[in-house]
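The structure under discussion appears below in the form of structure tokens.
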Amino acid sequence: MPLTRTWTEISPEQAAAEKLNLVRDLHITAPRNEMGERCPWPWEPQQLVGAPIGQYHCPHCGAMVLAGVPHIDYAGKERLVTPDSIIEILEWCGPSKLRYADVNGRLDVVGLTILGLDGGRTPALFGDTVVRDDDGAYSVRKAAS
């Protein structure tokens with residue numbers, strides 16, 4: 001069972017019934033606006049099929065979107081690894097796993113390990129940036145020391 005749900009697999013009716021807010025409900029992926037912020041309710045644009053408005057600003061996050069199609073994701077090809085983003089990045093990277101270490105005498109999550117298609121393992125700790133290239137391969141840009 002996946003750790004997160006994908007927002008595109010949830011219908012607008014289901015999202016409304018569950019009173020979802022993707023800024024709060026971090027176990028659900030979310031498209032990001034041009035500022036990199038998660039859209040709290042990205043189902044609005046796809047509900048406007050046939051509306052004569054074309055492009056407009058999402059009333060929930062301010063991103064420029066198109067009526068009648070799913071919310072555009074401006075997330076780009078880089079993600080900063082933080083405690084708040086770790087689960088979403090884990091799903092985004094495909095094959096990867098949480099990375100644990102001793103933190104003040106107890107085992108705690110400190111990042112993730114990206115499992116490469118070639119069998120390689122790349123650690124990404126909090127503060128590092130995971131980068132996806134045009135071929136879908138992932139690399140890690142280490143945080144400045």
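Just so we're on the same page: first chain in the structure tokens is A, next is B, and so on; residues restart at 1 for each chain, and ligands are numbered from 1 in the order they show up.
Shell of Lys77 in chain A at 8 Å, with only C-alpha atoms counted and residues fewer than 3 places along the chain excluded, is Val131, Arg132 and Asp133 of chain A.
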May I have the residues from that selection written out with N, CA and C atoms, as a compact mmCIF listing (two decimals), in the first residue's frame?
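Full text of result-v1.txt as output:
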```txt
# COMPACT_ATOMS: atom_id res chain seq x y z
N VAL A 131 17.15 16.17 -7.68
CA VAL A 131 16.99 16.74 -9.02
C VAL A 131 16.66 15.62 -10.00
N ARG A 132 15.62 15.84 -10.82
CA ARG A 132 15.26 14.87 -11.87
C ARG A 132 15.69 15.46 -13.21
N ASP A 133 16.46 14.68 -14.00
CA ASP A 133 16.87 15.17 -15.31
C ASP A 133 15.80 14.86 -16.35
```
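Taking only C-alpha atoms, the non-local environment of Glu9 in chain A within 12 Å (same-chain residues fewer than 3 positions away omitted) comprises A:Thr4, A:Arg5, A:Thr6, A:Pro12, A:Glu13, A:Gln14, A:Ala15, A:Ile28, A:Thr29, A:Ala30, A:Pro42, A:Trp43, A:Pro70.
Between Ser96 in chain A and the candidates A:Ala75, A:Pro83, A:Tyr138, A:Ala67, the tightest atom-to-atom separation, counting only C-alpha atoms, involves A:Tyr138.
Distance check against Gly76 in chain A using only C-alpha atoms: of A:Pro31, A:Leu125, A:Ala17, A:Trp7, the minimum falls on A:Pro31.
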**Request:** For Gly94 in chain A, please output as an MDAnalysis selection string all residues within 9 Å (counting only C-alpha atoms; exclusion window: fewer than 5 positions along the same chain).
**Result:** chainID A and resid 89 114:115
Write the residues you've just listed into a file as a short mmCIF file (atom, residue, chain, number, x, y, z; two decimals), in the first residue's frame, and include N, CA, C and O atoms for each of them.
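Saved file out_26.cif follows:
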```cif
data_model
loop_
_atom_site.label_atom_id
_atom_site.label_comp_id
_atom_site.auth_asym_id
_atom_site.auth_seq_id
_atom_site.Cartn_x
_atom_site.Cartn_y
_atom_site.Cartn_z
N ILE A 89 8.32 13.38 -1.65
CA ILE A 89 9.53 13.12 -2.45
C ILE A 89 9.76 11.63 -2.57
O ILE A 89 10.17 11.14 -3.62
N ILE A 114 17.68 7.06 -2.50
CA ILE A 114 17.12 6.87 -3.83
C ILE A 114 17.76 5.63 -4.44
O ILE A 114 18.99 5.53 -4.50
N LEU A 115 16.93 4.69 -4.85
CA LEU A 115 17.43 3.46 -5.46
C LEU A 115 17.43 3.66 -6.98
O LEU A 115 16.38 3.80 -7.59
#
```
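Atom to atom, CA of Gly54 in chain A and CA of Gly68 in chain A stand 8.2 Å apart.
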**Request:** Enter the distance from CA of Leu80 in chain A to CA of Val130 in chain A, in Å, rounded to one decimal.
**Result:** 6.4 Å
**Request:** Please identify which residues in range 25-129 of chain A DSSP calls strand (DSSP E or B) from the backbone, and express them as a ChimeraX atom specification.
**Result:** /A:28,32,38,55-57,64-66,78-80,96-103,106-115,121-125,129
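In this structure, CA of Arg99 in chain A sits 7.8 Å away from CA of Pro123 in chain A.
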**Message:** Using DSSP assignments from the backbone, pull out every residue in range 61-131 of chain A that falls under alpha helix (DSSP H) and give it to me as a PyMOL selection string.
**Reply:** chain A and resi 86-92
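Proximity to Trp41 in chain A at 7 Å, evaluated using only C-alpha atoms and with sequence-adjacent residues fewer than 6 positions away removed, yields Asn21, Leu22 and His60 of chain A.
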**Which of A:Pro95, A:Val81, A:Gly50, A:Val103 sits closest to Gly119 in chain A [using only C-alpha atoms]** = A:Pro95
**Prompt:** Nearest to Gly120 in chain A: which of A:Ala137, A:Ala144, A:Ala16, A:Ile87 is it, counting only C-alpha atoms?
**Reply:** A:Ala137
**Request:** Determine, counting only C-alpha atoms, which protein, DNA and RNA residues have an atom within 10 Å of an atom of Cys58 in chain A; residues of the same chain fewer than 4 positions away are not included. Present the result as a ChimeraX atom specification.
**Result:** /A:33,39,41-45,62-67,71-72
Output file for the selection above: all heavy atoms, as a tab-separated table (two decimals), in the first residue's frame:
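And here is the file that came out, selection.tsv:
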```tsv
chain	number	residue	atom	x	y	z
A	33	ASN	N	2.14	25.76	-7.12
A	33	ASN	CA	2.02	26.98	-7.92
A	33	ASN	C	3.42	27.46	-8.31
A	33	ASN	O	4.42	26.81	-8.02
A	33	ASN	CB	1.21	28.04	-7.17
A	33	ASN	CG	1.88	28.53	-5.91
A	33	ASN	OD1	3.07	28.31	-5.67
A	33	ASN	ND2	1.13	29.21	-5.07
A	39	CYS	N	-1.03	23.54	-3.70
A	39	CYS	CA	-2.39	24.05	-3.88
A	39	CYS	C	-3.30	23.32	-2.89
A	39	CYS	O	-3.33	22.09	-2.87
A	39	CYS	CB	-2.88	23.83	-5.30
A	39	CYS	SG	-4.55	24.50	-5.56
A	41	TRP	N	-6.59	23.05	-2.85
A	41	TRP	CA	-7.74	22.38	-3.47
A	41	TRP	C	-7.62	22.49	-4.99
A	41	TRP	O	-8.23	23.37	-5.62
A	41	TRP	CB	-9.05	23.01	-2.97
A	41	TRP	CG	-10.17	22.03	-2.91
A	41	TRP	CD1	-10.42	21.16	-1.90
A	41	TRP	CD2	-11.16	21.78	-3.91
A	41	TRP	NE1	-11.52	20.40	-2.21
A	41	TRP	CE2	-12.00	20.77	-3.43
A	41	TRP	CE3	-11.42	22.32	-5.17
A	41	TRP	CZ2	-13.08	20.27	-4.14
A	41	TRP	CZ3	-12.51	21.83	-5.88
A	41	TRP	CH2	-13.32	20.81	-5.37
A	42	PRO	N	-6.85	21.59	-5.62
A	42	PRO	CA	-6.56	21.70	-7.06
A	42	PRO	C	-7.65	21.17	-7.99
A	42	PRO	O	-7.45	21.13	-9.20
A	42	PRO	CB	-5.28	20.88	-7.21
A	42	PRO	CG	-5.41	19.83	-6.17
A	42	PRO	CD	-6.08	20.51	-5.00
A	43	TRP	N	-8.79	20.78	-7.49
A	43	TRP	CA	-9.83	20.17	-8.33
A	43	TRP	C	-10.69	21.20	-9.05
A	43	TRP	O	-11.47	20.87	-9.92
A	43	TRP	CB	-10.71	19.24	-7.49
A	43	TRP	CG	-9.91	18.08	-6.98
A	43	TRP	CD1	-9.64	16.92	-7.65
A	43	TRP	CD2	-9.26	17.97	-5.73
A	43	TRP	NE1	-8.86	16.10	-6.88
A	43	TRP	CE2	-8.60	16.72	-5.69
A	43	TRP	CE3	-9.14	18.80	-4.61
A	43	TRP	CZ2	-7.87	16.28	-4.60
A	43	TRP	CZ3	-8.41	18.37	-3.53
A	43	TRP	CH2	-7.78	17.12	-3.53
A	44	GLU	N	-10.57	22.47	-8.72
A	44	GLU	CA	-11.41	23.51	-9.31
A	44	GLU	C	-11.30	23.59	-10.84
A	44	GLU	O	-12.32	23.59	-11.52
A	44	GLU	CB	-11.07	24.87	-8.70
A	44	GLU	CG	-11.77	26.01	-9.40
A	44	GLU	CD	-12.62	26.82	-8.46
A	44	GLU	OE1	-12.76	26.47	-7.29
A	44	GLU	OE2	-13.14	27.81	-8.94
A	45	PRO	N	-10.10	23.67	-11.43
A	45	PRO	CA	-10.02	23.86	-12.89
A	45	PRO	C	-10.72	22.77	-13.70
A	45	PRO	O	-11.41	23.06	-14.67
A	45	PRO	CB	-8.51	23.87	-13.19
A	45	PRO	CG	-7.87	24.23	-11.91
A	45	PRO	CD	-8.77	23.69	-10.83
A	62	GLY	N	-3.49	30.64	-6.56
A	62	GLY	CA	-3.04	31.73	-7.40
A	62	GLY	C	-2.30	31.32	-8.66
A	62	GLY	O	-1.91	32.17	-9.46
A	63	ALA	N	-2.10	30.03	-8.89
A	63	ALA	CA	-1.38	29.57	-10.09
A	63	ALA	C	-2.21	29.83	-11.34
A	63	ALA	O	-3.44	29.80	-11.31
A	63	ALA	CB	-1.08	28.08	-9.98
A	64	MET	N	-1.55	30.09	-12.45
A	64	MET	CA	-2.24	30.25	-13.73
A	64	MET	C	-2.59	28.86	-14.22
A	64	MET	O	-1.73	28.00	-14.39
A	64	MET	CB	-1.35	30.96	-14.74
A	64	MET	CG	-2.02	31.24	-16.06
A	64	MET	SD	-3.54	32.20	-15.93
A	64	MET	CE	-2.90	33.82	-15.62
A	65	VAL	N	-3.88	28.60	-14.43
A	65	VAL	CA	-4.38	27.28	-14.83
A	65	VAL	C	-5.34	27.43	-16.00
A	65	VAL	O	-5.65	28.54	-16.43
A	65	VAL	CB	-5.09	26.57	-13.65
A	65	VAL	CG1	-4.10	26.24	-12.54
A	65	VAL	CG2	-6.23	27.41	-13.10
A	66	LEU	N	-5.80	26.30	-16.53
A	66	LEU	CA	-6.74	26.28	-17.66
A	66	LEU	C	-8.05	25.65	-17.23
A	66	LEU	O	-8.05	24.59	-16.58
A	66	LEU	CB	-6.17	25.48	-18.82
A	66	LEU	CG	-4.90	26.02	-19.46
A	66	LEU	CD1	-4.32	25.00	-20.42
A	66	LEU	CD2	-5.19	27.33	-20.18
A	67	ALA	N	-9.14	26.26	-17.61
A	67	ALA	CA	-10.46	25.71	-17.30
A	67	ALA	C	-10.64	24.38	-18.03
A	67	ALA	O	-10.28	24.24	-19.19
A	67	ALA	CB	-11.55	26.69	-17.72
A	71	HIS	N	-5.31	20.72	-12.77
A	71	HIS	CA	-4.43	21.79	-12.31
A	71	HIS	C	-3.01	21.56	-12.81
A	71	HIS	O	-2.47	20.46	-12.70
A	71	HIS	CB	-4.44	21.80	-10.78
A	71	HIS	CG	-3.94	23.05	-10.15
A	71	HIS	ND1	-2.63	23.43	-10.19
A	71	HIS	CD2	-4.59	23.99	-9.42
A	71	HIS	CE1	-2.47	24.55	-9.52
A	71	HIS	NE2	-3.65	24.92	-9.04
A	72	ILE	N	-2.38	22.57	-13.34
A	72	ILE	CA	-0.99	22.49	-13.79
A	72	ILE	C	-0.08	22.42	-12.57
A	72	ILE	O	-0.30	23.10	-11.57
A	72	ILE	CB	-0.64	23.72	-14.66
A	72	ILE	CG1	-1.49	23.73	-15.92
A	72	ILE	CG2	0.84	23.73	-15.02
A	72	ILE	CD1	-1.42	25.03	-16.71
```
